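Note sheet for the following structure.
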Amino acid sequence: MDIQGKVVIVTGGASGIGKALCERFAQEGARGVVVADLDAAGAKRVAESIGGMGAGVNVAVEAEMQALVQAATERFGQVDVFCSNAGIVVRGDEDTPNADWQRHWDVNLMAHVYAARAVLPQMLARGEGYLVQTASAAGLLSQVNAAPYSVTKHAAVGFAEWLSIAHGDQGIRVSCLCPQGVLTPMLMGADGSQRSQSFLGDGAVSPDSVAGAVIDAMREERFLVLPHPEVLTFLQRKTADYDRWLRGMRRLREKVVGMVKG
C-alpha cells in the first residue's frame, strides 16, 4: 500500500495516535485526510493544519459512522483507507458498572464493526481497500488493572483477524495496531505529565513513532503492527506455556495494584 494519492479516514484523530496518523498520512501524500473525533473542534484544528477535512463524530453511533463515510466519499470520490482508531479506557475490574462496560464495548469494538459496515461495500466493489484497526497490546496479552479495556481490546483483535480472513482474498488488507504505552492523553495526566501510577510509563513511545510503525506495516501489508517489538516475545511466551504466563501476570497485577495504592 502506497499512501500517495489515497483518501484516508482516521477516527480519534484530534489527539494522540490519531493526530499523528493524520499528520503522517498527509506527509506521505494522501489526496485527502478526513479527521474524525468526538471533539469536533479538535478534529477541525488538525484538519486545517494538514489541509484535510474535519468532522465531529461519535464512533459509538452507527448512523454517524455511515454519514462520515458518505461525506468523505462525496468530497473525495472514495475512501481507500479507514483507520478505526478511537478508544477509551476506564480502570476497573468485574464490578465496573454496566454503563462503563457498555461504553467500552461500543467504542473499542462496535465502532470497528460500524466502520467496516460503512466502508467495505465500496472497497469490495473496487476489489481493494485497507482497514487499520487500533487495538492494544492488551488485546494480545492483558491489561491487568482494566478488565473492560482488556476484554474489549481482545474482541477488537478478534474482529480484525476475522476481517482479514473473510476479505483478504477480495483485495481488502487489514492491519491491527497493538502498542503498549504511548505518550498520549490516555497515558498522560491532564497537565501533560506522566501518570505516576501507570506501569506502562517505562518504555512508552511517542505517537509519531507509532504512526511510523503503521506506515511501515501498510507498505508491507502486514497484519500485526507492534511499535513495541517485545510484545511479540511476550505473546510467544503466552502461547508456549499459558499457565506459566498467567502466573507471571498475577505477579505483575500484584505489583501494579500496589503502585496504585501507594
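Following the order of the C-alpha cells, first chain is A, next is B, and so on, with residues numbered from 1 inside each chain and ligands from 1 in the order they appear.
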Checklist entry - Which residues come within 7 Å of Pro227 in chain A, counting only C-alpha atoms, excluding same-chain residues fewer than 2 positions away, as a PyMOL selection string? => result chain A and resi 179+210+213+225+229
Checklist entry - Would you give me, as an MDAnalysis selection string, the residues in range 8-84 of chain A that DSSP reads as helix (DSSP H, G or I)? => result chainID A and resid 16:27 40:50 62:76
Item to check | Atomic distance CA of Val231 in chain A - CA of Ser209 in chain A, expressed in Å with one decimal | outcome: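 CA of Ser209 in chain A lies 15.7 Å from CA of Val231 in chain A.
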Item to check | From A:Leu109, A:Val8, A:Ala217, A:Ala86, residue lying nearest Asp37 in chain A [only C-alpha atoms] | outcome: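 For Asp37 in chain A, the nearest of the candidates is A:Ala86.
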Next on the checklist: Neighbouring residues of Lys238 in chain A were defined as those with any atom within 12 Å, considering only C-alpha atoms; residues of the same chain fewer than 3 positions away were excluded. Please report them as a VMD selection string.
Outcome noted: chain A and resid 140 to 142 231 to 235 241 to 249
Checklist entry - Could you work out how far CA of Gln180 in chain A lies from CA of Asn108 in chain A, giving the answer in Å with one decimal? => result 15.7 Å
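Counting only C-alpha atoms and comparing A:Gln4, A:Ser49, A:Gln70, A:Gln143, the residue that lies closest to Gly181 in chain A is A:Gln143.
Taking only range 107-141 of chain A, the residues that DSSP calls strand (DSSP E or B) from the backbone come to Gly129, Tyr130, Leu131, Val132, Gln133 and Thr134 of chain A.
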Next on the checklist: I'd like to know which of A:Ala116, A:Ala111, A:Ala99, A:Ile17 is closest to Cys178 in chain A, using only C-alpha atoms.
Outcome noted: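 Using only C-alpha atoms, the shortest distance to Cys178 in chain A belongs to A:Ile17.
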Checklist outcome for this item: With distances taken over only C-alpha atoms, the candidate from A:Arg103, A:Asp93, A:Cys22, A:Gln122 nearest Arg45 in chain A is A:Cys22
Item to check | Point-to-point distance from CA of Ala138 in chain A to CA of Lys255 in chain A, Å rounded to tenths | outcome: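 Result for CA of Ala138 in chain A versus CA of Lys255 in chain A: 17.1 Å, one decimal.
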Checklist entry - Which of these, A:Ala55, A:Ile172, A:Val69, A:Ala146, has the shortest distance to Asp100 in chain A once you count only C-alpha atoms? => result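 Among the listed residues, A:Ala146 lies closest to Asp100 in chain A.
Among A:Ile88, A:Ala240, A:Val10, A:Ala30, the residue with the shortest atom-to-atom distance to Gly56 in chain A, counting only C-alpha atoms, is A:Val10.
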Item to check | Contacts of Gln133 in chain A within 6 Å, only C-alpha atoms, excl. fewer than 3 positions in-chain, as a ChimeraX atom specification | outcome: /A:83-84,176
Next on the checklist: I'd like the contact shell of Pro121 in chain A - 12 Å cut-off, only C-alpha atoms, skipping same-chain residues fewer than 2 positions apart - returned as a list in words.
Outcome noted: Gln66, Val69, Gln70, Gln78, Val79, Asp80, Ala115, Ala116, Arg117, Ala118, Val119, Met123, Leu124, Ala125, Arg126, Gly127, Glu128, Gly129, His167, Gln170 and Ile172 of chain A
